[in-house]
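Chemist: So that you have it, the file is my_file_25.csv, and it contains CSV, C-alpha atoms:
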```
chain,number,residue,atom,x,y,z
C,25,MET,CA,53.3,30.4,-12.0
C,26,ALA,CA,50.1,29.6,-10.1
C,27,GLU,CA,48.3,26.4,-11.1
C,28,ALA,CA,45.0,26.8,-13.0
C,29,VAL,CA,41.9,26.3,-10.9
C,30,ASP,CA,39.6,23.6,-12.1
C,31,THR,CA,36.3,25.3,-12.5
C,32,GLU,CA,34.6,22.5,-14.4
C,33,LYS,CA,31.1,21.9,-12.9
C,34,PRO,CA,29.9,18.4,-12.1
C,35,HIS,CA,27.7,16.8,-14.8
C,36,TYR,CA,24.6,17.1,-12.6
C,37,HIS,CA,25.0,20.8,-12.1
C,38,GLY,CA,21.6,22.5,-12.5
C,39,HIS,CA,19.9,19.1,-12.7
C,40,ARG,CA,17.8,19.6,-9.6
C,41,ALA,CA,16.4,22.9,-10.7
C,42,ARG,CA,15.6,21.5,-14.2
C,43,LEU,CA,13.9,18.4,-12.8
C,44,ARG,CA,11.8,20.4,-10.3
C,45,ALA,CA,10.7,22.8,-13.1
C,46,ARG,CA,9.8,19.9,-15.4
C,47,PHE,CA,7.9,18.2,-12.6
C,48,LEU,CA,5.9,21.3,-11.8
C,49,ASP,CA,5.2,22.2,-15.4
C,50,SER,CA,3.8,18.7,-16.1
C,51,ALA,CA,2.2,18.1,-12.7
C,52,GLY,CA,4.2,14.9,-12.7
C,53,ALA,CA,2.8,13.5,-15.9
C,54,GLY,CA,5.3,11.5,-17.9
C,55,ILE,CA,8.0,11.7,-15.2
C,56,PRO,CA,9.6,8.3,-14.8
C,57,ASP,CA,9.6,6.5,-11.5
C,58,TYR,CA,13.4,7.0,-10.9
C,59,GLU,CA,13.0,10.8,-11.3
C,60,ILE,CA,10.1,10.9,-8.8
C,61,LEU,CA,12.5,9.1,-6.4
C,62,GLU,CA,15.2,11.7,-7.2
C,63,LEU,CA,12.8,14.4,-6.2
C,64,ILE,CA,12.1,12.7,-2.9
C,65,LEU,CA,15.8,12.2,-2.3
C,66,PHE,CA,16.6,15.9,-2.9
C,67,GLY,CA,15.2,16.4,0.6
C,68,VAL,CA,17.6,13.9,2.1
C,69,PHE,CA,20.8,14.9,0.3
C,70,ARG,CA,21.3,18.6,0.1
C,71,ASN,CA,24.0,18.2,-2.5
C,72,GLY,CA,25.3,15.6,-5.0
C,73,ASP,CA,23.8,13.4,-7.6
C,74,THR,CA,20.8,11.3,-6.4
C,75,LYS,CA,20.1,9.6,-9.8
C,76,PRO,CA,22.4,6.6,-9.2
C,77,LEU,CA,20.6,5.7,-5.9
C,78,ALA,CA,17.1,6.4,-7.4
C,79,LYS,CA,17.9,4.1,-10.4
C,80,ALA,CA,19.4,1.4,-8.1
C,81,LEU,CA,16.2,1.4,-6.0
C,82,VAL,CA,13.9,1.0,-9.0
C,83,ALA,CA,16.2,-1.7,-10.4
C,84,GLU,CA,16.1,-3.6,-7.1
C,85,PHE,CA,12.4,-3.4,-6.5
C,86,GLY,CA,10.9,-2.9,-9.9
C,87,SER,CA,8.7,0.2,-9.6
C,88,LEU,CA,8.1,3.4,-7.5
C,89,ALA,CA,5.2,1.8,-5.7
C,90,ALA,CA,7.3,-1.3,-4.8
C,91,VAL,CA,10.2,0.9,-3.5
C,92,LEU,CA,7.8,2.8,-1.3
C,93,ALA,CA,6.2,-0.4,0.1
C,94,ALA,CA,9.5,-2.3,0.5
C,95,PRO,CA,10.4,-3.4,4.0
C,96,SER,CA,13.0,-1.2,5.7
C,97,GLU,CA,15.4,-4.1,6.2
C,98,ARG,CA,15.4,-4.8,2.4
C,99,LEU,CA,15.8,-1.1,1.6
C,100,SER,CA,18.8,-0.9,4.0
C,101,LYS,CA,20.7,-3.4,1.9
C,102,VAL,CA,20.8,-1.0,-1.1
C,103,PRO,CA,24.1,0.9,-0.9
C,104,GLY,CA,23.4,4.5,0.0
C,105,CYS,CA,20.0,3.8,1.4
C,106,GLY,CA,20.4,4.8,5.1
C,107,GLU,CA,17.9,5.7,7.8
C,108,ALA,CA,17.2,9.2,6.4
C,109,VAL,CA,16.4,7.8,3.0
C,110,ILE,CA,14.2,5.0,4.4
C,111,ALA,CA,12.3,7.6,6.6
C,112,ALA,CA,11.7,9.8,3.5
C,113,LEU,CA,10.3,6.9,1.5
C,114,LYS,CA,8.1,5.7,4.3
C,115,VAL,CA,6.7,9.2,5.0
C,116,THR,CA,5.9,9.6,1.3
C,117,ARG,CA,4.0,6.3,1.2
C,118,GLU,CA,2.1,7.1,4.4
C,119,ALA,CA,1.0,10.5,3.0
C,120,GLY,CA,-0.3,8.8,-0.1
C,121,LEU,CA,-2.2,6.1,1.9
C,122,ARG,CA,-3.8,8.7,4.1
C,123,MET,CA,-5.0,10.6,1.1
C,124,LEU,CA,-6.6,7.4,-0.3
C,125,GLN,CA,-8.0,6.5,3.1
C,126,ALA,CA,-9.6,9.9,3.4
C,127,GLU,CA,-11.3,9.4,0.0
C,128,VAL,CA,-12.6,6.0,1.2
C,129,LYS,CA,-14.1,7.5,4.3
C,130,ALA,CA,-15.7,10.5,2.5
C,131,ARG,CA,-18.6,8.5,1.1
C,132,PRO,CA,-20.5,5.2,1.8
C,133,ALA,CA,-18.2,2.4,0.8
C,134,LEU,CA,-20.6,0.6,-1.5
C,135,SER,CA,-21.1,3.7,-3.6
C,136,ASN,CA,-17.4,4.6,-3.5
C,137,TRP,CA,-16.1,1.2,-4.6
C,138,GLN,CA,-13.3,2.2,-6.9
C,139,ALA,CA,-11.8,4.4,-4.2
C,140,LEU,CA,-12.0,1.5,-1.8
C,141,LEU,CA,-10.2,-0.8,-4.3
C,142,ASP,CA,-7.5,1.8,-5.0
C,143,TYR,CA,-6.8,2.1,-1.3
C,144,CYS,CA,-6.7,-1.7,-0.7
C,145,ARG,CA,-4.4,-2.2,-3.6
C,146,ALA,CA,-2.1,0.6,-2.4
C,147,VAL,CA,-1.9,-0.9,1.1
C,148,LEU,CA,-1.6,-4.6,0.1
C,149,GLN,CA,-0.4,-5.3,-3.4
C,150,HIS,CA,3.3,-5.2,-2.6
C,151,GLU,CA,3.2,-6.9,0.8
C,152,GLN,CA,5.5,-9.9,1.0
C,153,VAL,CA,3.5,-11.8,3.6
C,154,GLU,CA,-0.2,-12.3,3.9
C,155,GLN,CA,-2.1,-9.6,5.8
C,156,PHE,CA,-5.7,-9.8,6.8
C,157,ARG,CA,-7.5,-6.5,7.2
C,158,ILE,CA,-11.1,-5.6,8.0
C,159,LEU,CA,-13.0,-2.4,7.0
C,160,PHE,CA,-15.7,-1.9,9.7
C,161,LEU,CA,-18.9,0.0,8.4
C,162,ASP,CA,-21.7,1.7,10.3
C,163,ARG,CA,-25.4,1.4,9.3
C,164,LYS,CA,-24.9,3.9,6.5
C,165,ASN,CA,-22.0,1.9,5.1
C,166,GLN,CA,-19.5,4.6,6.1
C,167,VAL,CA,-16.1,3.2,7.1
C,168,ILE,CA,-15.6,3.7,10.8
C,169,ALA,CA,-12.3,1.8,11.1
C,170,ASP,CA,-9.7,0.0,9.0
C,171,GLU,CA,-7.6,-2.4,10.9
C,172,GLN,CA,-5.1,-5.1,10.4
C,173,GLN,CA,-6.3,-8.1,12.3
C,174,GLN,CA,-3.6,-10.7,11.5
C,175,ARG,CA,-0.2,-10.9,9.7
C,176,GLY,CA,0.9,-14.3,8.6
C,177,THR,CA,3.4,-16.0,6.3
C,178,VAL,CA,4.0,-15.9,2.6
C,179,ASP,CA,0.9,-18.1,2.0
C,180,HIS,CA,-1.2,-18.2,5.1
C,181,THR,CA,-2.8,-15.9,7.7
C,182,PRO,CA,-4.7,-17.3,10.6
C,183,VAL,CA,-8.1,-15.8,11.0
C,184,TYR,CA,-10.4,-16.3,14.0
C,185,PRO,CA,-14.1,-15.6,13.4
C,186,ARG,CA,-14.8,-15.1,17.1
C,187,GLU,CA,-12.1,-12.3,17.3
C,188,VAL,CA,-13.5,-10.7,14.1
C,189,VAL,CA,-17.0,-10.5,15.5
C,190,LYS,CA,-15.8,-9.4,19.0
C,191,ARG,CA,-14.0,-6.4,17.4
C,192,ALA,CA,-17.0,-5.6,15.3
C,193,LEU,CA,-19.2,-5.4,18.4
C,194,GLU,CA,-16.6,-3.3,20.2
C,195,LEU,CA,-16.8,-0.8,17.3
C,196,ASN,CA,-20.6,-1.1,17.0
C,197,ALA,CA,-20.1,-2.0,13.4
C,198,ALA,CA,-23.1,-3.0,11.3
C,199,ALA,CA,-21.2,-4.5,8.4
C,200,LEU,CA,-17.7,-5.7,7.4
C,201,ILE,CA,-15.5,-5.9,4.3
C,202,LEU,CA,-12.8,-8.5,4.6
C,203,VAL,CA,-9.5,-7.9,2.7
C,204,HIS,CA,-6.3,-9.9,2.4
C,205,ASN,CA,-3.5,-10.2,-0.1
C,206,HIS,CA,-1.8,-13.1,-1.9
C,207,PRO,CA,2.0,-12.4,-2.0
C,208,SER,CA,2.2,-14.9,-4.9
C,209,GLY,CA,0.4,-12.2,-7.0
C,210,ASP,CA,-2.5,-14.5,-8.0
C,211,PRO,CA,-5.7,-13.2,-6.4
C,212,THR,CA,-7.6,-16.5,-7.0
C,213,PRO,CA,-9.2,-17.6,-3.7
C,214,SER,CA,-8.1,-20.9,-2.2
C,215,ARG,CA,-10.4,-23.4,-0.5
C,216,ALA,CA,-9.1,-22.2,2.8
C,217,ASP,CA,-10.0,-18.6,1.8
C,218,ILE,CA,-13.6,-19.7,0.9
C,219,GLU,CA,-14.1,-21.7,4.1
C,220,MET,CA,-12.7,-18.9,6.3
C,221,THR,CA,-15.0,-16.4,4.7
C,222,ARG,CA,-18.0,-18.7,5.2
C,223,GLN,CA,-17.1,-19.1,8.9
C,224,VAL,CA,-16.7,-15.3,9.5
C,225,ALA,CA,-19.9,-14.5,7.6
C,226,SER,CA,-21.8,-17.2,9.6
C,227,ALA,CA,-20.4,-15.9,13.0
C,228,ALA,CA,-21.2,-12.3,12.1
C,229,ALA,CA,-24.7,-13.1,11.0
C,230,THR,CA,-25.6,-14.5,14.4
C,231,MET,CA,-24.9,-11.0,15.8
C,232,GLY,CA,-26.8,-9.2,13.0
C,233,ILE,CA,-23.6,-8.1,11.3
C,234,ALA,CA,-23.3,-8.3,7.5
C,235,VAL,CA,-20.2,-9.3,5.5
C,236,HIS,CA,-20.5,-7.3,2.3
C,237,ASP,CA,-17.5,-8.7,0.5
C,238,HIS,CA,-14.1,-10.3,0.8
C,239,LEU,CA,-11.4,-8.8,-1.4
C,240,ILE,CA,-8.2,-10.7,-2.3
C,241,ILE,CA,-5.5,-8.3,-3.6
C,242,GLY,CA,-2.8,-9.6,-5.9
C,243,ARG,CA,0.0,-7.6,-7.6
C,244,LYS,CA,-1.9,-7.2,-10.9
C,245,GLY,CA,-5.5,-7.5,-9.9
C,246,HIS,CA,-8.1,-8.5,-7.3
C,247,THR,CA,-10.9,-10.9,-6.7
C,248,SER,CA,-14.3,-9.9,-5.2
C,249,PHE,CA,-16.1,-12.8,-3.5
C,250,ARG,CA,-19.4,-11.0,-4.1
C,251,GLU,CA,-18.7,-10.6,-7.8
C,252,LYS,CA,-17.8,-14.3,-8.0
C,253,GLY,CA,-20.9,-15.4,-6.2
C,254,LEU,CA,-18.9,-16.8,-3.3
C,255,ILE,CA,-20.6,-14.8,-0.6
C,256,GLY,CA,-24.4,-14.2,-0.2
```
Would you mind writing the structure in this file as structure tokens?
Modeler:
Amino acid sequence: MAEAVDTEKPHYHGHRARLRARFLDSAGAGIPDYEILELILFGVFRNGDTKPLAKALVAEFGSLAAVLAAPSERLSKVPGCGEAVIAALKVTREAGLRMLQAEVKARPALSNWQALLDYCRAVLQHEQVEQFRILFLDRKNQVIADEQQQRGTVDHTPVYPREVVKRALELNAAALILVHNHPSGDPTPSRADIEMTRQVASAAATMGIAVHDHLIIGRKGHTSFREKGLIG
């Protein structure tokens, strides 16, 4: 007598179709972080259950945003997170950043401040070492370039005012917005931050270049030097 064939379907059978349908019906509203990650992982794994890896990533890093911003070397330590997964995560993040950057460049920065803050937070709030960036503006305060100038340690980034001004002149920039992050999460400016800002503003002023603001990005907020009266 022939053995009975086991036709029991895996517990995740039909899950992909249901999750895609739920996502499309809700336009993503109310979908938890791990399920968004599942949807990303569907493109990497043609078959199988992606929920365990998605949940493991959120458990390790804390949120969808933190997963997408995590360094590749840390992602690779999560079991099942290989090169294809890391590439999919990084492509997803880059697409989001480019959308935000396009919004920043669409209008003058000073009249588009919330979009600028959203972009700076997306770029920097989950960075694990200090990064110093500059937004270079033209005479109409349109962003003409956004560049990382320096990358430092967990609590220090060397900034050279002369190099900042040199780059501004190369780009024919009329104004700057300085941006850096505090990996500690606290966006309160240090004495060194205040002194560095003063030096950059002074050097820029000698060449007729304005420093509109210096933003410090933390994980749960930001500090604006202009709002705090720390820059003229």
Chemist: Counting only C-alpha atoms, which residues come within 6 Å of (-0.4, -10.9, -3.3), with the point read in the file's coordinates, and could you list them as an NGL selection string?
Modeler: :C and (149 or 205-209 or 241-243)
Chemist: Smallest atom-to-atom distance to Leu65 in chain C: which of C:Leu239, C:Ile168, C:Ile110, C:Ile158, using all atoms listed in the file?
Modeler: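 Answer, going by the shortest atom-to-atom distance: C:Ile110.
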Chemist: Expressed in Å to a single decimal, how great is the separation between CA of Gly120 in chain C and CA of Lys101 in chain C?
Modeler: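 Going from CA of Gly120 in chain C over to CA of Lys101 in chain C, I get 24.4 Å.
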Chemist: So which residues touch Val91 in chain C within 7 Å, counting only C-alpha atoms, skipping near sequence neighbours fewer than 3 positions away, as a PyMOL selection string?
Modeler: chain C and resi 81-82+85+87-88+94
Chemist: Skip Asp162 in chain C itself and residues of its chain fewer than 4 positions away, then list as a count of residues only all residues within 8 Å of it, counting only C-alpha atoms.
Modeler: 7
Chemist: From the set C:Leu159, C:Ala51, C:Ile64, C:Ala108, which residue has the shortest atom-to-atom contact distance to His236 in chain C, counting only C-alpha atoms?
Modeler: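 Nearest candidate to His236 in chain C out of C:Leu159, C:Ala51, C:Ile64, C:Ala108: C:Leu159.
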Chemist: Compile the contact shell of Gly106 in chain C as a PyMOL selection string: residues with an atom at most 12 Å away, counting all atoms listed in the file, same-chain residues fewer than 5 positions apart removed.
Modeler: chain C and resi 65+68-69+77+96-101+111-113
Chemist: Generate the output file for the selected residues, C-alpha atoms, as a tab-separated table (two decimals), in the frame of the given file.
Modeler:
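result.tsv written:
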```tsv
chain	number	residue	atom	x	y	z
C	65	LEU	CA	15.80	12.20	-2.30
C	68	VAL	CA	17.60	13.90	2.10
C	69	PHE	CA	20.80	14.90	0.30
C	77	LEU	CA	20.60	5.70	-5.90
C	96	SER	CA	13.00	-1.20	5.70
C	97	GLU	CA	15.40	-4.10	6.20
C	98	ARG	CA	15.40	-4.80	2.40
C	99	LEU	CA	15.80	-1.10	1.60
C	100	SER	CA	18.80	-0.90	4.00
C	101	LYS	CA	20.70	-3.40	1.90
C	111	ALA	CA	12.30	7.60	6.60
C	112	ALA	CA	11.70	9.80	3.50
C	113	LEU	CA	10.30	6.90	1.50
```
